[in-house]
Structure formats: C-alpha cells, structure tokens
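File shown: data29.txt. Contents: compact mmCIF, C-alpha atoms.
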```txt
# COMPACT_ATOMS: atom_id res chain seq x y z
CA SER A 932 72.23 85.13 67.88
CA VAL A 933 74.33 86.78 70.57
CA GLU A 934 73.21 90.29 69.62
CA GLY A 935 72.27 92.30 72.70
CA THR A 936 73.36 89.60 75.15
CA PRO A 937 76.23 89.64 77.65
CA VAL A 938 78.11 87.16 75.43
CA ASP A 939 78.21 89.49 72.42
CA PHE A 940 81.95 89.99 71.91
CA ARG A 941 81.78 90.65 68.17
CA THR A 942 83.18 94.10 68.86
CA PRO A 943 85.84 94.86 71.50
CA THR A 944 84.26 94.87 74.94
CA GLU A 945 85.84 94.76 78.39
CA ILE A 946 85.47 91.29 79.89
CA GLY A 947 84.08 92.78 83.11
CA ALA A 948 81.59 95.16 81.45
CA ARG A 949 78.72 92.64 81.54
CA ILE A 950 80.14 89.85 83.69
CA ASP A 951 77.63 90.42 86.50
CA ASP A 952 74.59 90.32 84.20
CA SER A 953 71.92 88.20 85.89
CA THR A 954 71.49 86.00 82.82
CA LEU A 955 75.08 84.71 83.17
CA LYS A 956 74.64 83.12 86.62
CA ALA A 957 78.39 83.01 87.34
CA GLY A 958 80.51 84.99 84.92
CA TYR A 959 81.56 83.48 81.64
CA ASP A 960 81.67 79.72 81.15
CA HIS A 961 80.46 79.63 77.56
CA ASN A 962 81.19 77.82 74.32
CA MET A 963 81.20 80.32 71.46
CA ALA A 964 81.13 79.67 67.72
CA LEU A 965 84.07 81.32 65.96
CA ARG A 966 82.90 81.31 62.36
CA ASP A 967 79.70 82.03 60.45
CA THR A 968 79.94 78.64 58.72
CA PRO A 969 79.92 75.94 61.46
CA GLY A 970 81.46 73.27 59.20
CA PHE A 971 84.38 75.46 58.07
CA VAL A 972 87.73 74.54 59.56
CA PRO A 973 91.03 76.03 58.33
CA LYS A 974 93.07 73.44 56.46
CA SER A 975 94.54 70.85 58.77
CA ARG A 976 98.27 70.29 58.87
CA GLY A 977 98.71 73.47 56.88
CA GLY A 978 101.23 74.90 59.26
CA THR A 979 100.99 78.34 60.73
CA ARG A 980 99.76 79.96 57.49
CA ALA A 981 96.56 77.89 57.60
CA LEU A 982 96.11 79.09 61.15
CA GLY A 983 96.50 82.73 60.23
CA ILE A 984 100.15 83.69 60.66
CA GLU A 985 103.25 83.24 58.55
CA MET A 986 106.92 84.17 58.57
CA GLY A 987 107.89 86.57 55.82
CA ALA A 988 111.13 86.63 53.82
CA ASP A 989 112.48 89.16 56.34
CA GLY A 990 112.08 86.62 59.18
CA ARG A 991 109.23 88.55 60.82
CA TRP A 992 105.86 87.00 61.63
CA SER A 993 102.68 88.59 60.30
CA ARG A 994 98.95 87.90 60.23
CA VAL A 995 97.32 86.55 57.07
CA ARG A 996 93.80 86.53 58.54
CA GLN A 997 92.00 87.98 61.53
CA PRO A 998 92.54 86.16 64.85
CA ASP A 999 89.70 84.02 66.18
CA ALA A 1000 89.84 85.69 69.60
CA VAL A 1001 91.74 88.64 71.07
CA ALA A 1002 92.26 89.94 74.58
CA GLU A 1003 94.10 93.19 75.23
CA GLU A 1004 95.01 95.11 78.36
CA PRO A 1005 94.61 98.72 77.20
CA THR A 1006 96.93 100.36 79.75
CA THR A 1007 100.03 98.33 78.90
CA GLY A 1008 99.06 97.13 75.43
CA ARG A 1009 99.67 93.50 76.42
CA ARG A 1010 97.72 91.39 73.96
CA VAL A 1011 97.01 87.77 73.12
CA GLU A 1012 95.66 86.75 69.74
CA MET A 1013 94.32 83.24 69.26
CA PHE A 1014 94.26 81.40 65.93
CA THR A 1015 92.73 77.92 65.82
CA MET A 1016 91.45 75.17 63.57
CA GLU A 1017 88.67 74.46 66.06
CA PRO A 1018 85.13 75.72 65.34
CA ALA A 1019 84.59 77.13 68.84
CA VAL A 1020 86.25 78.53 71.92
CA HIS A 1021 85.11 77.99 75.48
CA PHE A 1022 85.54 81.28 77.32
CA TYR A 1023 85.94 80.87 81.08
CA THR A 1024 86.46 83.57 83.72
CA ALA A 1025 87.20 81.39 86.76
CA ASP A 1026 84.05 82.28 88.66
CA TYR A 1027 83.95 78.86 90.27
CA LEU A 1028 87.36 79.21 91.89
CA GLY A 1029 87.49 79.93 95.58
CA ASN A 1030 90.55 80.41 97.74
CA ASP A 1031 91.29 76.68 97.70
CA PRO A 1032 93.73 76.42 94.79
CA VAL A 1033 97.16 77.75 95.55
CA GLY A 1034 99.44 79.01 92.81
CA LYS A 1035 103.19 79.54 92.59
CA GLY A 1036 104.78 80.81 95.76
CA GLY A 1037 101.63 80.06 97.77
CA VAL A 1038 99.60 82.83 96.11
CA GLU A 1039 95.87 82.28 96.46
CA ILE A 1040 93.99 81.84 93.20
CA VAL A 1041 90.70 83.65 93.62
CA LYS A 1042 87.48 84.04 91.67
CA ARG A 1043 88.03 85.95 88.42
CA ALA A 1044 91.79 86.03 88.89
CA GLY A 1045 92.13 85.25 85.19
CA PHE A 1046 90.40 83.90 82.13
CA CYS A 1047 91.09 81.31 79.47
CA PHE A 1048 90.33 80.56 75.85
CA GLU A 1049 89.83 76.80 75.50
CA THR A 1050 89.66 75.85 71.82
CA GLN A 1051 87.32 72.96 71.09
CA HIS A 1052 84.33 71.70 69.14
CA PHE A 1053 80.79 72.68 70.07
CA THR A 1054 79.67 71.41 73.45
CA ASP A 1055 76.69 69.43 72.12
CA SER A 1056 78.41 68.09 68.97
CA PRO A 1057 77.62 64.39 69.57
CA ASN A 1058 73.89 65.18 69.58
CA GLN A 1059 73.74 67.68 66.71
CA PRO A 1060 74.21 66.21 63.21
CA SER A 1061 74.71 69.70 61.71
CA PHE A 1062 77.73 70.37 63.97
CA PRO A 1063 81.27 69.26 63.01
CA SER A 1064 81.74 65.68 64.19
CA VAL A 1065 83.71 64.81 67.31
CA VAL A 1066 83.57 61.05 66.69
CA LEU A 1067 86.97 59.41 66.44
CA GLU A 1068 86.84 55.86 65.12
CA PRO A 1069 89.49 53.23 66.02
CA GLY A 1070 92.62 53.81 63.95
CA GLN A 1071 91.75 57.39 63.07
CA VAL A 1072 94.13 60.17 64.05
CA TRP A 1073 92.85 63.51 65.32
CA GLU A 1074 95.08 66.52 64.95
CA THR A 1075 94.40 70.17 65.60
CA GLU A 1076 96.45 73.29 66.01
CA THR A 1077 95.99 76.44 68.03
CA VAL A 1078 98.41 79.34 68.23
CA PHE A 1079 98.41 81.90 71.02
CA TRP A 1080 100.36 84.87 69.70
CA PHE A 1081 101.62 87.55 72.06
CA PRO A 1082 102.69 90.47 69.83
CA ALA A 1083 104.87 93.23 71.23
CA PRO A 1084 102.85 96.09 72.74
CA ARG A 1085 102.24 98.97 70.37
CA ALA A 1086 104.47 101.98 70.91
```
Structure translated into structure tokens:
Amino acid sequence: SVEGTPVDFRTPTEIGARIDDSTLKAGYDHNMALRDTPGFVPKSRGGTRALGIEMGADGRWSRVRQPDAVAEEPTTGRRVEMFTMEPAVHFYTADYLGNDPVGKGGVEIVKRAGFCFETQHFTDSPNQPSFPSVVLEPGQVWETETVFWFPAPRA
C-alpha cells in the first residue's frame, strides 16, 4: 500500500510536496501500479475508446473513463492526461540529471527540470508469476497504446 508514503498520488498532490522525503533517496524514480487488478489491461487494438477517449458525432473528443495519470499546472491550467493499456507507469523527476545534458539552444538541463510518465509493465515482472507477463516468444507481436492528451486550459 502507498497510503501515508511520499508516493501516494491517489489524490491530487503537488509533485514537489514530498519530493525531498528522506525515504525517496533522490526524488521520484518509481514504478507505480495503475489499477487495482494487476492483470487487467484495457482491450488491445481497441482504438482510442479502449484507451479512454473517443470522438463524438460532433467531432469533439471526450473522456469515456478516468485517465491513468494526470499532471496539472494550477496557475495556467496546462494539463496532461495519460491513458494507457500498460499496467504501470514509471514516474521520474530527473533527479539524476546534472548540468551535463544540453537541450535546445544550448539550455542546460538541470536536476528536476521536468518529469515524465513512462508507461510500462511492472519492474519485476519476469520474476513475479502473478504480474502480467513480459515474455515475448519468437513470432509473437507485442502492441500497446498510450495517449497523452493535452486538453485546453479551463476558462
């Protein structure tokens, strides 16, 4: 259970609110289960509806289920909603970056300059029979879908 820990994001919480907690060691670099049922995966190849969004008759996109992860900047209302077929997301806050990487225009990329949602299976899947399998046999095809939706800021 994540209850009471710095990785409890079941309710909206600022990323930086607990990022310096001593139990984290170096910010967030954690694989987090997205669903209560570890084996549940939204239907594969079901298009965007299976992922949680669909286009209505009016040509506008809408949600048909809750996103798997959300990040919002409260001042501007900028928001990203993530919908995925994967059972987990690896949440990373770039605490291991120094001033070495250089971004566009020579801008230094520094520690905690951003974060990412990396959709994937559980980190220890090969060793845990109860986790969804990550084994891909010769000739098998693996397909997955993830949508990052950036809705317009609320007025």
Item to check | Test item: residues at most 6 Å from region 1015-1022 of chain A, only C-alpha atoms, excluding those fewer than 6 positions along its chain, as a ChimeraX atom specification | outcome: /A:960-965,972-973,982,1047-1053,1076-1077
Next on the checklist: Residues within 6 Å of region 993-1000 of chain A, please, as a PyMOL selection string. Count only C-alpha atoms; anything in the same chain fewer than 5 positions from it doesn't count.
Outcome noted: chain A and resi 983-985+1012-1014
Checklist entry - Pick from A:Gln1071, A:Thr1024, A:Ser1064, A:Thr1054: nearest to Asp951 (chain A), with only C-alpha atoms counted? => result A:Thr1024
Item to check | Length of the CA of Val938 (chain A) to CA of Ile1040 (chain A) vector [Å] | outcome: 24.4 Å
Checklist entry - Counting all atoms listed in the file, what is within 7 Å of Lys1042 (chain A), bar same-chain residues fewer than 5 positions away, as a PyMOL selection string? => result chain A and resi 1025-1029
Item to check | Atom pair CA of Pro1005 (chain A) / CA of Thr944 (chain A): separation (Å) | outcome: 11.3 Å
Next on the checklist: Let me make sure I understand: among A:Ala1083, A:Val933, A:Leu1067, A:Val1038, which one has the smallest atom-to-atom distance to Thr1007 (chain A) if we use only C-alpha atoms?
Outcome noted: A:Ala1083
Checklist outcome for this item: Separating CA of Glu1003 (chain A) from CA of Pro1082 (chain A), to the nearest tenth of an Å, is a gap of 10.5 Å
Checklist outcome for this item: If you count only C-alpha atoms, the residue of A:Tyr959, A:Phe1079, A:Trp992, A:Trp1073 closest to Ile946 (chain A) turns out to be A:Tyr959
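Within 8 Å of Phe1081 (chain A), once all atoms listed in the file are used and residues closer than 4 positions along the same chain are dropped, the contacting residues are Arg1009, Arg1010, Val1011 and Glu1012 of chain A.
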Item to check | Nearest-residue call for Gly958 (chain A), choices A:Pro943, A:Pro1069, A:Phe1046, A:Pro1084, using all atoms listed in the file | outcome: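 Answer, going by the shortest atom-to-atom distance: A:Phe1046.
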I'd like the box whose edges run along x, y and z of the file and which contains every listed atom of region 980-998 of chain A, padded by 8 Å per side; could you state its centre and edge lengths in Å, one decimal, as lines of an AutoDock Vina configuration file?
```
center_x = 102.2
center_y = 83.5
center_z = 59.3
size_x = 36.5
size_y = 27.3
size_z = 27.0
```
